[in-house]
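Presented below is the structure to which this report refers.
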Amino acid sequence: MITRILSILGLTIVIGFAGIWLLGRGWLVTPHGPGTVTVEPIPPSLITSRSQAQRSAAKGIGVANPDQIVFGDLHVHTTYSFDAFMMSLPLAGGDGAHPIADACDFARYCSELDFWSINDHALASTPERWEKTVDSIRQCNAVSGDSREPDMVSYLGWEWTQVGNSPAKHYGHKNVILRDLEDDRIPARPIAALPPTDRIADIPTFGLGAYAAAKAGSGGMELARYLQDTGRVPACPGDVPVRDLPLDCREQAGTPAELFAKLDDWGHEALVIPHGTAWGFYTPLGSSWDKQLTAEQHDPDRQRLVEVFSGHGNSEEYRDWREITFEAGGGNSCPGPTKNYEPSCWRAGEIIRERCISAGEEAKECERRAVQARQHFVDADLNGGASTVPDASIQDWLEAGQCTDCFQPAFNYRPKNSVQYMMALGRKTPSGDPLRFRFGFMASSDNHSARPGTGYKEVARSEFTEARFSHFSDTPLGSKPDEEPEAHSKPWDPERAQALFGVWEAERQASFFLNGGLVAVHTPARDRESIYAAMSQKRVYGTSGPRILLWFDLLNAPKTKDRLSMGSETRMKEAPIFEARAVGSFEQKPGCPDYATSALSPERLQRLCQGECYNPSDRRRQISRIEVVRVRPQLNPNERVETLIEDPWRVFECSDDLSGCRVVFTDDEFRSAGRDALYYARAIEVPSPAVDADPLRCERDAEGRCLTVRPCMDEAVEDECLSSTEERAWSSPIFVDFER
């Protein structure tokens with residue numbers, strides 16, 4: 001009898017271990033697919049009415065024979081991306097998978113875009129996922145009707161997601177947009193960056209199986225399958241031509257130079273667009289774009305545009321404060337606070353000081369601990385300084401690390417990664433020619449729930465933004481050590497930092513997500529090739545979400561009778577004369593138009609669009625003013641960047657005429673200054689409410705100091721956390737070199 005009991009017990013244990021092992025391998029669930037694209041196109045009459053409304057607005061502001069302005073989103077993730085997949089799980093507050101078919105339907109029926117692209121993280125791609133991605137994008141285009149006049153263009157692409165553990169090794173994220181869809185005109189696989197750490201994939205099978213069993217009803221089994229499918233793809237061998245690589249490997253490029261080389265090796269048409277550059281979530285303290293201004297790390301033929309704004313915030317503005325100080329003899333230190341900025345390292349010291357005083361310690365000892373806490377913060381690897389303060393809450397940090405006088409800034413702002421800083425950089429090549437970034441400006445959403453173009457209405461904070469980032473602490477990728485709020489800091493310990501999303505302040509970041517921006521393109525036609533060509537020519541601008549109409553032209557370019565539009569480059573001696581014209585976006589009506597309600601079932605309309613679609617009225621918002629920024633790029637690396645960026649250089653107040661605003665101006669200093677310059681325009685609408693526009697909602701004293709915060713992430717799901725903001729559009733610059 002005892003032998004039989006032991007045998008049954010042993011068999012039960014074996015079966016249990018086998019079950020856990022199978023769960024850990026992900027073999028007990030089926031991975032989600034790409035979904036099914038709805039096959040009803042937008043009515044041609046709607047496309048015609050859009051075009052007519054634009055022509056009427058252009059005529060009202062004095063634009064003769066305008067090209068079309070088409071609106072799109074070139075930064076969209078589905079649940080094939082690892083972070084999007086995590087947020088889709090019930091354990092992270094998600095509502096299930098959002099595949100590529102959802103993105104296609106949302107862009108067509110909810111946000112009513114003219115074009116969009118898929119940009120799932122290449123690091124999480126597998127041969128099967130890439131094959132399904134290509135097939136789904138082709139299906140989405142097949143619904144569009146006449147290829148010469150499609151209702152919507154869908155581009156294939158991916159995100160190259162690079163994160164360095166130090167400023168010298170950090171290059172940031174870039175989206176790759178492919179022009180074509182035919183097999184012989186696209187790479188066999190996306191090209192990924194090297195992961196910052198192997199910790200994400202380094203999860204034992206039995207440990208993952210146990211987690212899957214414990215969270216079986218909340219997505220644990222699906223997570224195990226996703227991680228295992230991702231981890232099974234080996235890295236491609238190095239130093240092998242891309243066309244000779246096996247199909248079942250992950251192609252990787254550790255630097256922009258390697259990425260550009262691989263794209264050149266493939267030889268296909270592709271744009272590379274840096275994005276989220278000033279976003280400090282994963283970006284190491286003190287990171288700078290200086291190291292990317294080299295002939296190797298920058299490809300001006302492919303890297304022609306930069307993302308100024310997204311649902312992750314604004315990366316436009318430069319500030320001359322520092323989040324860290326690099327000492328001349330090596331080592332780091334923490335700079336002191338300034339009027340509009342408190343470094344997070346400084347706040348770390350203040351948190352420890354306050355705890356120390358509350359514990360009854362002497363002031364001298366508390367000062368010593370504060371100094372030590374600041375040093376621990378700046379010495380941390382992988383941007384993990386916040387984890388050196390045990391159990392610090394969002395309220396503890398107040399507004400440290402944030403650009404408090406920027407427009408809807410990216411979280412933990414990195415000013416030397418801002419777009420203005422990039423545009424002010426200048427070097428010389430060995431031949432003596434200037435080496436600069438000459439980017440066109442665009443915006444997009446960076447949405448992670450397969451919802452391109454979410455900025456059309458300020459609704460659905462929990463669905464249209466990435467507010468669910470706060471739930472990463474409930475997952476294996478965001479877990480944090482269980483600690484007490486001790487009165488002293490701890491040095492950086494990679495073993496103590498269990499997961500990257502725990503190190504990177506995922507909960508605090510969750511209040512800073514916005515509904516996202518749009519890229520607008522001036523194009524002679526709305527087909528795939530025309531839109532792509534116009535983007536390559538930098539005839540683009542970005543908006544913070546609304547469909548503002550914007551024109552920015554140089555009127556007196558030499559050797560031409562035609563005006564030069566935004567994105568153009570020229571050389572001249574005389575003072576340049578510019579014209580900027582803007583028309584406000586349409587105010588929105590509630591609900592969805594008839595074509596959307598007829599194409600989608602009520603259930604799908606509610607889940608995808610949250611019952612709210614792009615639904616314009618006949619009334620436009622007012623443009624309150626047009627601002628012009630002038631940047632004079634460095635003549636040498638020793639010129640101080642803050643002296644070269646004039647923001648705003650000129651400000652023009654607009655009347656209350658809803659038909660738009662028009663200004664003409666000249667740079668009378670151009671000839672006497674005798675140096676190159678670039679100019680761009682911002683068209684700004686009258687204030688309106690927006691989701692998370694004031695993410696921390698500081699309560700301030702009489703001197704303006706932040707005393708307490710009420711972060712948006714603490715609000716109920718149905719609370720949109722609306723605050724007044726000035727929505728805007730950014731033109732691409734016009735580059736005017738001085739003719740010597």
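Each chain of the structure tokens is named A, B, ... in the order shown, its residues numbered from 1; ligands are numbered from 1 in display order.
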Report as JSON, numbers by chain: the residues of stretch 430-613 of chain A with a DSSP assignment of alpha helix (DSSP H), based on the backbone of this structure. {"A": [461, 462, 463, 464, 500, 501, 502, 503, 506, 507, 508, 509, 528, 529, 530, 531, 532, 533, 534, 535, 536, 594, 595, 596, 597, 598, 599, 602, 603, 604, 605, 606, 607, 608, 609]}
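Here the strand (DSSP E or B) residues in stretch 179-290 of chain A, by DSSP on the backbone, are Ile191, Ala192, Ala235, Arg250, Glu251, Gln252, Ala270, Leu271, Val272, Ile273, Pro274 and His275 of chain A.
Of the residues under consideration (A:Cys698, A:Met535, A:Val134, A:Ala103), A:Val134 shows the shortest atom-to-atom contact distance to A:Ile186 when counting only C-alpha atoms.
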Excluding stretch 614-628 of chain A and any residue of its chain fewer than 2 positions from it, enumerate the residues within 8 Å of it, using only C-alpha atoms, and give them as a compact mmCIF listing (two decimals) with C-alpha atoms, in the first residue's frame.
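result-v7.txt, written as the output of this step:
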```
# COMPACT_ATOMS: atom_id res chain seq x y z
CA CYS A 110 -11.94 55.54 -36.18
CA SER A 111 -9.24 58.12 -36.90
CA GLU A 112 -9.92 58.38 -40.67
CA TYR A 456 -8.33 63.26 -33.13
CA LYS A 457 -10.26 63.63 -29.85
CA ALA A 580 3.51 81.39 -43.00
CA ALA A 582 -2.28 78.40 -40.96
CA VAL A 583 -5.90 77.32 -40.62
CA GLY A 584 -7.25 75.76 -37.44
CA SER A 585 -8.55 72.21 -37.15
CA PHE A 586 -12.23 71.30 -37.26
CA GLU A 587 -14.06 71.13 -33.96
CA GLN A 588 -15.34 67.62 -33.39
CA LYS A 589 -18.87 66.32 -33.03
CA PRO A 590 -19.55 63.47 -30.58
CA GLY A 591 -19.86 59.90 -31.78
CA CYS A 592 -19.00 58.39 -35.15
CA PRO A 593 -20.12 59.14 -38.73
CA GLU A 612 -15.72 58.11 -30.60
CA ARG A 630 15.55 80.66 -35.89
CA ASP A 647 12.85 80.43 -29.56
CA PRO A 648 10.71 82.24 -30.31
CA TRP A 649 12.57 84.51 -32.69
CA ARG A 650 9.39 86.20 -33.93
CA VAL A 651 5.81 86.06 -32.62
CA PHE A 652 2.79 87.13 -34.67
CA GLU A 653 -0.57 87.45 -32.93
CA CYS A 654 -3.52 86.43 -35.10
CA SER A 655 -6.98 87.91 -35.30
CA ASP A 656 -10.07 86.01 -34.27
CA ASP A 657 -10.84 85.25 -37.92
CA LEU A 658 -11.63 81.51 -38.08
CA SER A 659 -10.58 81.40 -41.74
CA GLY A 660 -6.95 81.38 -40.61
CA CYS A 661 -3.84 83.46 -40.10
CA VAL A 663 2.08 86.50 -41.84
CA TYR A 679 13.76 78.75 -39.80
CA TYR A 680 10.57 76.94 -38.87
CA ALA A 681 7.05 78.01 -37.90
CA ARG A 682 4.71 76.94 -35.13
CA ALA A 683 0.99 77.50 -35.64
CA ILE A 684 -0.76 77.55 -32.26
CA GLU A 685 -4.46 77.11 -31.61
CA VAL A 686 -6.45 78.77 -28.82
```
Go through stretch 55-93 of chain A residue by residue and, counting only C-alpha atoms, keep those with an atom at most 12 Å from stretch 525-528 of chain A; for each kept residue give the shortest atom pair and its distance in Å to one decimal, ordered by chain and increasing number, as a tab-separated table.
```
residue	atom	partner	partner_atom	distance
A:Pro66	CA	A:Ala525	CA	11.2
A:Asp67	CA	A:Ala525	CA	7.7
A:Gln68	CA	A:Ala525	CA	6.8
A:Ile69	CA	A:Arg526	CA	8.9
A:Val70	CA	A:Arg526	CA	7.3
A:Phe71	CA	A:Arg526	CA	10.3
A:Gly72	CA	A:Arg526	CA	11.4
```
Report as a PyMOL selection string all protein, DNA and RNA residues lying within 9 Å of A:Trp504, evaluated on only C-alpha atoms, omitting residues in the same chain fewer than 5 positions from it. chain A and resi 280-282+382-387+478+499+509
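Among the candidate residues A:Glu362, A:Glu639, A:Asp229, A:Asp183, the one lying nearest to A:Arg129 is A:Asp229, with distances computed using only C-alpha atoms.
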What is the atom CA of A:Pro524-atom CA of A:Val308 distance in Å, reported with one decimal? 24.3 Å
Need to verify the contact set: stretch 396-406 of chain A, 8 Å, only C-alpha atoms, exclusion of same-chain residues closer than 3 positions in sequence. Can you return it as a PyMOL selection string? chain A and resi 317+323+340-344+347-348+351+392-393+409-413+696+698+706-709
Using only C-alpha atoms, determine which residues lie at most 12 Å from A:Pro491, disregarding the query and same-chain residues fewer than 3 positions distant; provide the list as number ranges by chain. A: 372-381, 384-390, 488, 494-497
Can you write out as JSON lines which residues of stretch 536-571 of chain A fall within 8 Å of stretch 511-521 of chain A, alongside each residue's closest atom pair and its distance in Å to one decimal, counting only C-alpha atoms and ordering rows by chain and ascending residue number?
```
{"residue": "A:Arg539", "atom": "CA", "partner": "A:Val521", "partner_atom": "CA", "distance": 6.0}
{"residue": "A:Val540", "atom": "CA", "partner": "A:Val521", "partner_atom": "CA", "distance": 4.5}
{"residue": "A:Tyr541", "atom": "CA", "partner": "A:Ala520", "partner_atom": "CA", "distance": 5.2}
{"residue": "A:Gly542", "atom": "CA", "partner": "A:Val519", "partner_atom": "CA", "distance": 4.6}
{"residue": "A:Thr543", "atom": "CA", "partner": "A:Leu518", "partner_atom": "CA", "distance": 5.3}
{"residue": "A:Ser544", "atom": "CA", "partner": "A:Gly517", "partner_atom": "CA", "distance": 4.2}
{"residue": "A:Gly545", "atom": "CA", "partner": "A:Gly517", "partner_atom": "CA", "distance": 4.1}
{"residue": "A:Pro546", "atom": "CA", "partner": "A:Gly517", "partner_atom": "CA", "distance": 7.7}
{"residue": "A:Arg547", "atom": "CA", "partner": "A:Leu518", "partner_atom": "CA", "distance": 7.8}
```
Can you work out which one of A:Met152, A:Ala487, A:Leu194, A:Leu245 has the shortest atom-to-atom distance to A:Cys366, counting only C-alpha atoms? A:Ala487
For A:Lys416, which of A:Thr597, A:Ser287, A:Ser489, A:Ser310 is the closest residue, counting only C-alpha atoms? A:Ser287
